[in-house]
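Visitor: Below are the structure tokens for one structure; questions will follow.
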Amino acid sequence: MTATPPLPYPNADAPSQDLIAACVHCGFCLPTCPTYAVLGVEMDSPRGRIRLMKTVWEHRLGADAPGLEDHISKCLDCRACETACPSGVEYGKLVEGARSQIVVARPRSPIERLIRAAAFEWLLPHRRALGTFATLSIAAKRLGMGSLLRATRLGVARRMADLLDLLPAHSTATRSATISARGTRRARVAMLEGCVMGSVFGETNAATARVLARNGVEVIATVDQTCCGALHAHAGERELARDLARRNIAAFEQVTADAVIVNAAGCGAAMKEYGWLLKDDPAWSARASAFAAKVKDATEFLGDLGMSERPGTLHARVTWDDPCHLLHGQKIRDQPRALLSAIPGLEVVPLAEADWCCGSAGTYNVTQPDLARSILERKVANIVRTGADTVVTANPGCLMQIQSGLRQAGHKVRVVHLMDLLDEAYRTG
Amino acid sequence: MSATVTRAIPADAAECARVLADAARDRRTVRIRGSGTKSYIGDIAPTDIEIGTSRLAGVIDHEPADLTVTVGAGMRVADVAAVLARAGQFLPLDPPHADEATIGGVIAANSNGVWRARYGAVRDLLIGTRIALADGTVARAGGRVVKNVAGYDLDKVLVGSFGTLGVIVEATFKVLPVPAASDGLVARFVRSADAFAAADAVIRGASRVEACVVERSEGPAWRLAVQARGSAPTVKRAVDDARREVAARQGKSNELGDELGQMRELPARAIDGALVRASLPLAASPAFAETAARLESLAALVADAASGVVRVHLLGDDEAVIRDAEALLLAARVVGGSGRIERRAEQLRSRLSTWPTRPNGDFLMRRIKDSFDPAGILEPGRSAFA
Amino acid sequence: MRGLVALLGREKVLGAREDLLLYEYDGAVDTATPDAVVLPESTADVAALARFCHEHRVPIVPRGAGTGLSGGAIPVEGGVVVSFARMARILEIDVPNLRAVVQPGLINLHLSTAVAPHGLYFVPDPSSQKACTLGGNVAENSGGPHTLAYGVTTNHVTGIEIVLSDGTVLRLGGKAVEDEGYDLVGAFVGSEGTLGLVTEITVKLTPLPEDKRTVMAAFPTMDEASETVSAIIAAGIVPSAIEMMDQLATQAVEASVHAGYPLDAGGILLLEVDGPRDGLDDARARIEKICRDHLASEVRVASGALERERLWAGRKGAFAAMGRLSPDYYVQDGVIPRTRLPDILRLVKDAGVRHRLRVANVFHAGDGNLHPLILFDSRLGPDELERAKAAGLEILTACVEAGGSITGEHGVGMEKNCYMPLQFQPSDLAAMRRLKDAFDPDGLMNPGKIFPTPSRCREFAFASTAR
């Protein structure tokens, strides 16, 4: 017996060689990659990153190579490359796999470890903690802490200030209760409240439930649900992501629902992949797949179900920006556009590069501030060019990012979640 | 001098190459002659040897379904056309000297007519050549298939090289089925701007014309000739569109006769005075034509609106012709184009060089020439970069 | 390395191992690692780099988006790879002159998108047009499905700015259709980066056709599809595109873009006619009839722009979709006279069987430009690629024997330079060599491409094939 050569990656979450093999390095992904557009180097393209993962398998590069971490973490995980790829390479799974290995392989400074632990293990999974943090941050913002922090001219402080900029001026955290359908019940759903959505955009959750109810959908309350784990998975914290996934699956299994509705595209994309996340856990893999099959984005669910009640008239020039994890992550393109067009009175104008990332991408603003800014500026320029007074999207990260970008550039354009806009329309109608 | 010119009429490529090798060894200069229709181009003097291509003639390969034809370079274009016509096809080239010009001469002189609008020029239709070289070898460039990027595109270098690199002995072209219908119009305009604007609208319009040429000859009027060939509905549409553009600019349309043929044959007629040929950015043609119209020696102007190639025939007092020709060449360069004195009367030869200025990249051209013809025997006086 | 950084600055030079590893591949199968990668931002950068390399006798290898299919951008003899990713601007859209002036790193499709509001487009549309660059198109003289009626890149380039290997900057041609003297623009287009570096390109813009008709026809076997192509040409119809696909290719495409190709067809034709609206339906009807006369089981006419796009998306993504069938593929690019299509397709099939490899066919039937995609799996051992290459060589040999060419649009590169003697006599290659020596006397520009090299081509000492 020959000895098995040591695995080049630390553990079994490594980017799958079979998924890598689907890449024929044709280069079709390059022009769709925001980081390639800014940096123009192969290492910061999807094809290049896949090649990096492959060279580790080939023992030509160590999993702890600093360049590997640099380029893999510069990825937005926006998955535009997946939409462009004729060979169907599942890039999102690859990059998350690679990140999980870097987390293990690369030693980190104590401070870095502390911040990661605070964010991923304490803040995100505990809604009350996040709510408190959000409230404090918003208070800080209203007190003008942003300019104060900027005045210190410290890199860390500036990033904090930028982060504050992203937050809306008011937090509207609410907890949902069961809302019965108006008229004949057409469906019965449970809803993910989400950590960020629940803490910062609670009103959007309520609006989503009202819009669904208007269309004959009963929204039932759940207990014990938690953060979806998307940010953890994106950051390579696979075990934490799995813990959260198991908690959510167990929580939603307690209720009987036709679907689990998510109004944050990033969360929905992650939850649809619970099956993949837990595929090697025999006790959970079947349950995870069954759960994942029930997950629907709010726009997807309502779009497919069809609207039973016509919304009221709104007067605005609006444009739709695809959240990456809706379009590229969940391949949902037509439904939100159809819902938007169903609101009478709106002038819907197309947005150039609507399929491009806005640079939000989870914690990207914090980890790659310069790149995030370049990417955001491109998005803002495209929005301004449409002449729209309202940008509609469907993901909290995108909402905050685009809002902040427009405000910094001095443009008074409203940024709104599609569910909020629909709710508004129903209220006028 | 001319009394001692040796004439060689090789029967095949190998013999042609031997003649060249012998000439190179003996440092004897060589002129290559097809039908001799374009012997006016260049600053030429008699050579020691003249190679005739008349025996390098005939169709070598023609498979109609492949839409290609391979012919000997000495074959007349008109004869190639006759052969193709029997198969319902045509070579989409209409060079001046239509009755006499040979395939080899048309390639060497990059001689194009008015069909460029639709089918492109020699460089676009030629897909392969065989050439006899001064080192006694025979080389092939390109091939016999319509698409081929194996190795360098030497065919392009040969087009317009005036025999300075070797003797073209065989050529392969793309051909097309003869269109079902044909029609056209000729229109008169008072103002050149209207004629050019109408031409420009035709070129940019949805319907595709075969030729679109603006002319000024006798009198102050400008003429626009448009021809379309294709399926009956497309031809009708093209002529209707052209008529509308003409009418919109106060032009008067008539049925097309042989006007395009006359326009194309301007180089054949321009025996006296000087013929300036300029290749211009498309939008520069109207201003260039206006400039030409103000010259005292202007006799005729033919502008291919689709390609930006403009020919101006100057006639009259030698001094005026020289002055006007130089002014036109300068004007061509100023607007981002280039030009040459394509033809001039015998008495002007010493005073008007065909290529008074060197093109960009002349040092590269010189290196190419030297590597193909190190002894410098081929076609002296016909290098634009000399 | 240090010299390059001093010359151009740290931001424009890559030298880390993990960086260089990512410039060792393109869209094809060959690899080689560069010694450095440079990302110029101007012609001046390129000229400075060339002077540096000239002084130190270092090879220069230009690279666009790395989508090439003949190893053209692979530094097979080491040296500096010059990536034009940061020279990707449109410098001028000149509507009156129907020209655009662009930098070499510009993506092909971005040009057509930018000029579309003026009712214009750039004709050459290689299947990789969403990713490939104009500089790469110039280097390879790229084609695409619609070159059947409208020509390839060389027919649409009127001017270039180039940097020679000694750093000389030269502008050739311009906005006019021709210049005096030798056609150096024509010589440069298709020279695969072996004559110099192109830093600016002036291209023709063409008015968009008023309308199009796109027809998809499914046939029981490739034979009927081939005969249909000949019959259409014989009927005097010259479509703007005639594309053919076999069943294996169809399966890969359908898994990828759901173009709506029937999976049970042995051969599929995708045909397009375009131009003035008048006459299009007449041409379409004649094509439909010919297809049905040749036993087409289904003839579908795209009902609108959306369906047309879907039909074309399938064709254009076909190579890349091979990843769904196999981790690796080796694509050939041989050209044959159209009339030889049925024989050669049979031969392609036999070659696959003989070498125990699956072969998919997706190609430009209208101009006889084959693209057999030989599927293999490099993870099973080096023997796989060797068998694929052996099958490829048999196919190319057959193409040349049929009077064709070893490459119609992908270029010779380092993939087929050893096969050049199949198609060309020593005297033919010597004539090409003269051009090379005039532009690049020191042999620094993209060495190891186009011409057979003694070190790598020893095993291919073909007896010169007679024509």
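By order in the structure tokens, chains are A, B, ...; within a chain, residues start at 1; ligands start at 1, following the order shown.
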For region 85-95 of chain A, list every protein, DNA or RNA residue within 7 Å, evaluated using only C-alpha atoms, and leave out those in the same chain fewer than 4 positions away; present the list as a PDB file with N, CA and C atoms, in the first residue's frame.

Guide:
```
ATOM      1  N   PRO A  15     -12.503  23.361  -1.806  1.00  0.00           N
ATOM      2  CA  PRO A  15     -13.217  23.496  -3.084  1.00  0.00           C
ATOM      3  C   PRO A  15     -13.150  22.193  -3.880  1.00  0.00           C
ATOM      4  N   SER A  16     -14.319  21.709  -4.287  1.00  0.00           N
ATOM      5  CA  SER A  16     -14.403  20.385  -4.892  1.00  0.00           C
ATOM      6  C   SER A  16     -13.677  20.309  -6.228  1.00  0.00           C
ATOM      7  N   LEU A  19     -16.082  20.168  -9.161  1.00  0.00           N
ATOM      8  CA  LEU A  19     -16.620  21.468  -9.568  1.00  0.00           C
ATOM      9  C   LEU A  19     -15.553  22.250 -10.335  1.00  0.00           C
ATOM     10  N   ALA A  22     -15.204  21.421 -14.065  1.00  0.00           N
ATOM     11  CA  ALA A  22     -16.193  21.919 -15.030  1.00  0.00           C
ATOM     12  C   ALA A  22     -15.701  23.180 -15.731  1.00  0.00           C
ATOM     13  N   CYS A  23     -14.684  23.836 -15.169  1.00  0.00           N
ATOM     14  CA  CYS A  23     -14.176  25.078 -15.779  1.00  0.00           C
ATOM     15  C   CYS A  23     -13.231  24.738 -16.922  1.00  0.00           C
ATOM     16  N   PHE A  28     -15.097  33.490 -20.479  1.00  0.00           N
ATOM     17  CA  PHE A  28     -16.365  34.213 -20.644  1.00  0.00           C
ATOM     18  C   PHE A  28     -16.753  34.972 -19.366  1.00  0.00           C
ATOM     19  N   CYS A  29     -16.243  34.529 -18.217  1.00  0.00           N
ATOM     20  CA  CYS A  29     -16.615  35.162 -16.953  1.00  0.00           C
ATOM     21  C   CYS A  29     -15.889  36.484 -16.738  1.00  0.00           C
ATOM     22  N   ILE A  72      -8.752  35.511  -3.075  1.00  0.00           N
ATOM     23  CA  ILE A  72     -10.033  34.874  -2.763  1.00  0.00           C
ATOM     24  C   ILE A  72     -10.896  35.824  -1.929  1.00  0.00           C
ATOM     25  N   ASP A  77     -18.173  37.474  -4.275  1.00  0.00           N
ATOM     26  CA  ASP A  77     -19.114  36.365  -4.210  1.00  0.00           C
ATOM     27  C   ASP A  77     -20.472  36.794  -4.803  1.00  0.00           C
ATOM     28  N   ARG A  79     -21.353  36.212  -7.869  1.00  0.00           N
ATOM     29  CA  ARG A  79     -21.747  35.076  -8.717  1.00  0.00           C
ATOM     30  C   ARG A  79     -22.260  35.477 -10.096  1.00  0.00           C
ATOM     31  N   CYS A  81     -20.444  35.595 -12.479  1.00  0.00           N
ATOM     32  CA  CYS A  81     -19.724  34.656 -13.345  1.00  0.00           C
ATOM     33  C   CYS A  81     -20.541  33.386 -13.573  1.00  0.00           C
ATOM     34  N   ARG A  99     -12.579  29.738   0.897  1.00  0.00           N
ATOM     35  CA  ARG A  99     -12.492  30.609   2.076  1.00  0.00           C
ATOM     36  C   ARG A  99     -12.454  29.801   3.365  1.00  0.00           C
TER      37      ARG A  99
ATOM     38  N   SER C 256     -26.899  23.883 -21.069  1.00  0.00           N
ATOM     39  CA  SER C 256     -26.364  25.166 -20.631  1.00  0.00           C
ATOM     40  C   SER C 256     -27.336  26.327 -20.828  1.00  0.00           C
ATOM     41  N   GLY C 317     -22.199  29.833 -27.073  1.00  0.00           N
ATOM     42  CA  GLY C 317     -21.682  29.266 -25.834  1.00  0.00           C
ATOM     43  C   GLY C 317     -21.295  27.805 -25.977  1.00  0.00           C
ATOM     44  N   ALA C 320     -17.668  26.580 -24.792  1.00  0.00           N
ATOM     45  CA  ALA C 320     -17.506  26.687 -23.350  1.00  0.00           C
ATOM     46  C   ALA C 320     -18.421  25.703 -22.621  1.00  0.00           C
ATOM     47  N   ALA C 321     -19.545  25.359 -23.252  1.00  0.00           N
ATOM     48  CA  ALA C 321     -20.472  24.434 -22.615  1.00  0.00           C
ATOM     49  C   ALA C 321     -19.926  23.014 -22.576  1.00  0.00           C
ATOM     50  N   MET C 322     -18.816  22.766 -23.265  1.00  0.00           N
ATOM     51  CA  MET C 322     -18.242  21.423 -23.268  1.00  0.00           C
ATOM     52  C   MET C 322     -17.865  20.973 -21.862  1.00  0.00           C
ATOM     53  N   GLY C 323     -17.642  21.944 -20.972  1.00  0.00           N
ATOM     54  CA  GLY C 323     -17.346  21.604 -19.579  1.00  0.00           C
ATOM     55  C   GLY C 323     -18.431  20.721 -18.974  1.00  0.00           C
ATOM     56  N   ARG C 324     -19.626  20.751 -19.556  1.00  0.00           N
ATOM     57  CA  ARG C 324     -20.715  19.909 -19.049  1.00  0.00           C
ATOM     58  C   ARG C 324     -20.551  18.459 -19.484  1.00  0.00           C
TER      59      ARG C 324
END
```

Visitor: Just list the residues in region 115-169 of chain B DSSP gives strand (DSSP E) on the backbone, as a list in words.

Guide: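 Across region 115-169 of chain B, those assigned strand (DSSP E) are Leu126, Ile127, Gly128, Thr129, Arg130, Ile131, Ala132, Val138, Ala139, Arg140, Ala141, Gly142, Val167, Ile168 and Val169 of chain B.
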
Visitor: Near Ala176 (chain C), counting only C-alpha atoms, which residues have an atom at most 10 Å away, once you skip same-chain residues fewer than 3 positions from it, shown as a ChimeraX atom specification?

Guide: /B:278-284,307-309,335-338 /C:97,99,158-159,173,179,202,204

Visitor: Could you pull out the residues in region 121-362 of chain C that DSSP calls alpha helix (DSSP H) from the backbone, as an MDAnalysis selection string?

Guide: chainID C and resid 134:140 147:150 184:188 222:234 247:257 280:293 305:316 341:354

Visitor: Which residues are close to Thr214 (chain C), i.e. within 8 Å by only C-alpha atoms, leaving aside same-chain residues fewer than 5 positions away? Reply as a PyMOL selection string.

Guide: chain C and resi 270-273+301-302+308

Visitor: Would you export the selected residues with N, CA and C atoms as a short mmCIF file (atom, residue, chain, number, x, y, z; two decimals), in the first residue's frame, please?

Guide:
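Okay, result.cif is ready:
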```cif
data_model
loop_
_atom_site.label_atom_id
_atom_site.label_comp_id
_atom_site.auth_asym_id
_atom_site.auth_seq_id
_atom_site.Cartn_x
_atom_site.Cartn_y
_atom_site.Cartn_z
N LEU C 270 -28.14 26.27 -38.17
CA LEU C 270 -28.63 27.58 -37.75
C LEU C 270 -28.29 28.52 -38.89
N LEU C 271 -29.32 29.09 -39.51
CA LEU C 271 -29.09 29.94 -40.68
C LEU C 271 -29.64 31.33 -40.43
N GLU C 272 -28.98 32.30 -41.00
CA GLU C 272 -29.49 33.66 -40.85
C GLU C 272 -29.34 34.40 -42.17
N VAL C 273 -30.38 35.15 -42.52
CA VAL C 273 -30.28 36.09 -43.64
C VAL C 273 -30.58 37.47 -43.06
N VAL C 301 -38.49 29.15 -37.35
CA VAL C 301 -38.04 30.51 -37.63
C VAL C 301 -38.20 31.31 -36.34
N ALA C 302 -37.12 31.97 -35.93
CA ALA C 302 -37.18 32.74 -34.69
C ALA C 302 -38.27 33.79 -34.82
N ARG C 308 -34.29 34.76 -31.34
CA ARG C 308 -33.06 34.76 -32.13
C ARG C 308 -31.85 34.77 -31.21
#
```

Visitor: Please return, as a tab-separated table (two decimals) with N, CA, C and O atoms, in the first residue's frame, all residues of chain C lying within 7 Å of chain B when only C-alpha atoms are considered.

Guide:
```
chain	number	residue	atom	x	y	z
C	96	PRO	N	-19.47	60.00	-38.81
C	96	PRO	CA	-19.42	60.43	-40.21
C	96	PRO	C	-18.49	59.57	-41.07
C	96	PRO	O	-18.78	59.29	-42.23
C	97	ASN	N	-17.38	59.13	-40.48
C	97	ASN	CA	-16.43	58.33	-41.26
C	97	ASN	C	-16.66	56.83	-41.10
C	97	ASN	O	-15.90	56.02	-41.65
C	141	ASN	N	-6.76	37.53	-36.49
C	141	ASN	CA	-7.65	37.74	-37.63
C	141	ASN	C	-8.94	36.94	-37.43
C	141	ASN	O	-9.33	36.11	-38.24
C	155	ASN	N	-10.85	42.43	-42.89
C	155	ASN	CA	-11.70	43.21	-43.80
C	155	ASN	C	-12.31	44.42	-43.10
C	155	ASN	O	-12.97	45.23	-43.74
C	170	LEU	N	4.74	53.11	-34.37
C	170	LEU	CA	4.46	53.33	-35.78
C	170	LEU	C	2.96	53.36	-36.00
C	170	LEU	O	2.24	52.50	-35.49
C	171	ARG	N	2.49	54.36	-36.74
C	171	ARG	CA	1.06	54.39	-37.09
C	171	ARG	C	0.92	53.99	-38.55
C	171	ARG	O	1.56	54.58	-39.42
C	172	LEU	N	0.12	53.00	-38.80
C	172	LEU	CA	-0.06	52.50	-40.17
C	172	LEU	C	-1.53	52.62	-40.57
C	172	LEU	O	-2.41	52.34	-39.76
C	175	LYS	N	-8.05	56.21	-41.21
C	175	LYS	CA	-9.48	56.07	-41.41
C	175	LYS	C	-9.85	55.83	-42.87
C	175	LYS	O	-10.97	55.46	-43.18
C	176	ALA	N	-8.92	56.09	-43.77
C	176	ALA	CA	-9.17	55.82	-45.18
C	176	ALA	C	-9.03	54.32	-45.44
C	176	ALA	O	-8.39	53.61	-44.66
C	177	VAL	N	-9.61	53.84	-46.54
C	177	VAL	CA	-9.59	52.39	-46.78
C	177	VAL	C	-8.21	51.88	-47.16
C	177	VAL	O	-7.92	50.71	-47.00
C	178	GLU	N	-7.36	52.75	-47.71
C	178	GLU	CA	-6.02	52.26	-48.02
C	178	GLU	C	-5.01	53.38	-47.99
C	178	GLU	O	-5.35	54.55	-47.99
C	179	ASP	N	-3.75	52.96	-47.93
C	179	ASP	CA	-2.64	53.89	-47.87
C	179	ASP	C	-1.71	53.53	-49.03
C	179	ASP	O	-1.88	52.50	-49.66
C	180	GLU	N	-0.75	54.39	-49.30
C	180	GLU	CA	0.20	54.07	-50.37
C	180	GLU	C	1.25	53.08	-49.84
C	180	GLU	O	1.48	52.98	-48.64
C	181	GLY	N	1.90	52.39	-50.76
C	181	GLY	CA	2.93	51.42	-50.36
C	181	GLY	C	2.32	50.08	-50.00
C	181	GLY	O	1.14	49.84	-50.23
C	182	TYR	N	3.16	49.20	-49.46
C	182	TYR	CA	2.66	47.87	-49.10
C	182	TYR	C	1.59	47.99	-48.02
C	182	TYR	O	1.64	48.87	-47.17
C	183	ASP	N	0.67	47.06	-48.05
C	183	ASP	CA	-0.44	47.04	-47.10
C	183	ASP	C	0.07	46.42	-45.78
C	183	ASP	O	-0.14	45.24	-45.52
C	184	LEU	N	0.73	47.24	-44.96
C	184	LEU	CA	1.31	46.71	-43.73
C	184	LEU	C	0.22	46.41	-42.69
C	184	LEU	O	0.41	45.56	-41.83
C	186	GLY	N	-2.64	45.11	-43.47
C	186	GLY	CA	-3.07	43.78	-43.88
C	186	GLY	C	-2.07	42.71	-43.48
C	186	GLY	O	-2.45	41.59	-43.12
C	187	ALA	N	-0.79	43.05	-43.53
C	187	ALA	CA	0.25	42.09	-43.14
C	187	ALA	C	0.21	41.83	-41.64
C	187	ALA	O	0.44	40.72	-41.18
C	190	GLY	N	-3.60	39.28	-38.12
C	190	GLY	CA	-3.44	37.83	-38.24
C	190	GLY	C	-2.02	37.35	-38.01
C	190	GLY	O	-1.72	36.19	-38.23
C	191	SER	N	-1.14	38.26	-37.58
C	191	SER	CA	0.26	37.85	-37.39
C	191	SER	C	0.51	37.30	-35.99
C	191	SER	O	1.64	37.01	-35.61
C	207	PRO	N	-23.43	49.86	-40.90
C	207	PRO	CA	-24.83	50.06	-40.52
C	207	PRO	C	-25.50	48.73	-40.16
C	207	PRO	O	-25.31	47.73	-40.86
C	209	PRO	N	-28.02	45.79	-39.97
C	209	PRO	CA	-29.03	45.37	-40.96
C	209	PRO	C	-30.42	45.78	-40.47
C	209	PRO	O	-30.68	45.78	-39.27
C	210	GLU	N	-31.27	46.10	-41.43
C	210	GLU	CA	-32.61	46.54	-41.07
C	210	GLU	C	-33.38	45.44	-40.34
C	210	GLU	O	-34.12	45.69	-39.41
C	230	SER	N	-24.94	22.79	-49.15
C	230	SER	CA	-24.54	22.89	-50.56
C	230	SER	C	-25.71	23.32	-51.43
C	230	SER	O	-25.55	24.13	-52.35
C	233	ILE	N	-26.37	27.10	-51.17
C	233	ILE	CA	-25.38	27.87	-51.93
C	233	ILE	C	-25.65	27.72	-53.43
C	233	ILE	O	-25.61	28.70	-54.18
C	234	ALA	N	-25.96	26.48	-53.83
C	234	ALA	CA	-26.19	26.24	-55.26
C	234	ALA	C	-27.41	27.02	-55.76
C	234	ALA	O	-27.48	27.40	-56.92
C	236	GLY	N	-28.03	29.90	-55.12
C	236	GLY	CA	-27.68	31.30	-55.26
C	236	GLY	C	-28.00	32.14	-54.05
C	236	GLY	O	-27.97	33.36	-54.10
C	275	GLY	N	-30.48	42.04	-43.84
C	275	GLY	CA	-30.43	43.09	-44.84
C	275	GLY	C	-31.72	43.87	-44.87
C	275	GLY	O	-32.45	43.90	-43.87
C	276	PRO	N	-32.01	44.51	-46.01
C	276	PRO	CA	-33.27	45.25	-46.10
C	276	PRO	C	-34.44	44.29	-45.93
C	276	PRO	O	-34.38	43.14	-46.36
C	278	ASP	N	-37.28	44.05	-47.25
C	278	ASP	CA	-37.83	43.51	-48.50
C	278	ASP	C	-36.96	42.36	-48.95
C	278	ASP	O	-35.76	42.49	-49.05
C	279	GLY	N	-37.56	41.24	-49.23
C	279	GLY	CA	-36.77	40.14	-49.75
C	279	GLY	C	-36.34	39.15	-48.69
C	279	GLY	O	-35.94	38.04	-49.00
C	335	VAL	N	-10.09	23.95	-42.14
C	335	VAL	CA	-11.02	24.44	-43.16
C	335	VAL	C	-10.93	23.52	-44.37
C	335	VAL	O	-9.85	23.08	-44.74
C	336	ILE	N	-12.09	23.29	-44.98
C	336	ILE	CA	-12.13	22.47	-46.19
C	336	ILE	C	-13.02	23.17	-47.21
C	336	ILE	O	-13.85	24.00	-46.84
C	337	PRO	N	-12.84	22.85	-48.47
C	337	PRO	CA	-13.82	23.35	-49.44
C	337	PRO	C	-15.19	22.79	-49.03
C	337	PRO	O	-15.30	21.61	-48.70
C	338	ARG	N	-16.17	23.68	-49.04
C	338	ARG	CA	-17.52	23.32	-48.59
C	338	ARG	C	-18.02	21.98	-49.12
C	338	ARG	O	-18.68	21.23	-48.43
C	339	THR	N	-17.68	21.71	-50.38
C	339	THR	CA	-18.22	20.51	-51.03
C	339	THR	C	-17.69	19.22	-50.40
C	339	THR	O	-18.23	18.15	-50.64
C	367	ASP	N	-18.69	28.42	-44.51
C	367	ASP	CA	-17.37	28.57	-45.12
C	367	ASP	C	-16.45	27.39	-44.86
C	367	ASP	O	-15.24	27.51	-44.95
C	403	GLY	N	-7.53	20.06	-49.73
C	403	GLY	CA	-7.32	21.37	-50.33
C	403	GLY	C	-7.61	22.52	-49.38
C	403	GLY	O	-7.81	23.65	-49.79
C	404	GLY	N	-7.63	22.22	-48.09
C	404	GLY	CA	-7.99	23.24	-47.12
C	404	GLY	C	-6.84	23.75	-46.30
C	404	GLY	O	-5.70	23.80	-46.76
C	405	SER	N	-7.17	24.14	-45.06
C	405	SER	CA	-6.19	24.80	-44.20
C	405	SER	C	-6.26	24.22	-42.80
C	405	SER	O	-7.29	23.70	-42.37
C	406	ILE	N	-5.14	24.34	-42.06
C	406	ILE	CA	-5.13	23.81	-40.70
C	406	ILE	C	-5.81	24.76	-39.72
C	406	ILE	O	-6.11	24.39	-38.60
C	407	THR	N	-6.04	26.00	-40.13
C	407	THR	CA	-6.74	26.90	-39.24
C	407	THR	C	-7.50	27.99	-40.00
C	407	THR	O	-6.96	28.62	-40.91
C	408	GLY	N	-8.75	28.17	-39.62
C	408	GLY	CA	-9.59	29.15	-40.30
C	408	GLY	C	-9.75	30.45	-39.54
C	408	GLY	O	-10.03	31.49	-40.12
C	409	GLU	N	-9.60	30.37	-38.19
C	409	GLU	CA	-9.80	31.59	-37.42
C	409	GLU	C	-9.15	31.57	-36.04
C	409	GLU	O	-9.05	32.60	-35.40
C	411	GLY	N	-6.00	30.58	-35.36
C	411	GLY	CA	-4.57	30.87	-35.42
C	411	GLY	C	-3.74	29.60	-35.26
C	411	GLY	O	-4.23	28.55	-34.84
C	412	VAL	N	-2.47	29.73	-35.61
C	412	VAL	CA	-1.54	28.61	-35.53
C	412	VAL	C	-1.00	28.48	-34.11
C	412	VAL	O	-1.02	27.41	-33.50
C	427	SER	N	9.51	26.70	-49.17
C	427	SER	CA	9.61	28.01	-49.82
C	427	SER	C	8.48	28.95	-49.38
C	427	SER	O	8.68	30.16	-49.28
C	428	ASP	N	7.32	28.37	-49.09
C	428	ASP	CA	6.20	29.19	-48.60
C	428	ASP	C	6.55	29.78	-47.23
C	428	ASP	O	6.33	30.96	-46.96
C	431	ALA	N	9.08	32.52	-47.37
C	431	ALA	CA	8.52	33.82	-47.75
C	431	ALA	C	7.90	34.51	-46.53
C	431	ALA	O	8.06	35.72	-46.33
C	432	MET	N	7.21	33.73	-45.69
C	432	MET	CA	6.64	34.32	-44.47
C	432	MET	C	7.75	34.81	-43.55
C	432	MET	O	7.64	35.84	-42.90
C	434	ARG	N	10.47	36.05	-44.29
C	434	ARG	CA	11.01	37.36	-44.72
C	434	ARG	C	10.22	38.50	-44.08
C	434	ARG	O	10.78	39.53	-43.70
C	435	LEU	N	8.91	38.31	-43.99
C	435	LEU	CA	8.08	39.35	-43.38
C	435	LEU	C	8.42	39.47	-41.89
C	435	LEU	O	8.57	40.57	-41.36
C	438	ALA	N	11.61	41.35	-41.30
C	438	ALA	CA	11.52	42.79	-41.54
C	438	ALA	C	10.96	43.50	-40.30
C	438	ALA	O	11.45	44.56	-39.91
C	439	PHE	N	9.95	42.92	-39.68
C	439	PHE	CA	9.32	43.56	-38.52
C	439	PHE	C	10.11	43.33	-37.23
C	439	PHE	O	10.19	44.21	-36.38
C	450	ILE	N	3.60	30.14	-34.78
C	450	ILE	CA	3.45	30.09	-36.24
C	450	ILE	C	4.49	29.20	-36.91
C	450	ILE	O	4.15	28.20	-37.53
```

Visitor: Please list as a PyMOL selection string every residue within 7 Å of region 254-262 of chain A, counting only C-alpha atoms and excluding residues in the same chain fewer than 2 positions away.

Guide: chain A and resi 187-192+250-252+264+267-268+294-298

Visitor: Within 10 Å of Thr453 (chain C), counting only C-alpha atoms, which residues qualify if same-chain residues fewer than 6 places away don't, as a list of chain:residue names?

Guide: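 In the requested format, the answer is C:Met414, C:Asn417, C:Cys418, C:Pro447.
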
Visitor: Ala300 (chain B): which residues within 8 Å, counting only C-alpha atoms, same-chain residues fewer than 3 positions away excluded, as a list in words?

Guide: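 Close residues of Ala300 (chain B): Glu215, Arg216, Ser217, Glu218, Val312, His313 and Leu314 of chain B.
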
Visitor: Could you tell me how far CA of Glu342 (chain B) lies from CA of Thr354 (chain B), in Å and to one decimal?

Guide: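 Pair CA of Glu342 (chain B) / CA of Thr354 (chain B) returns 6.2 Å.
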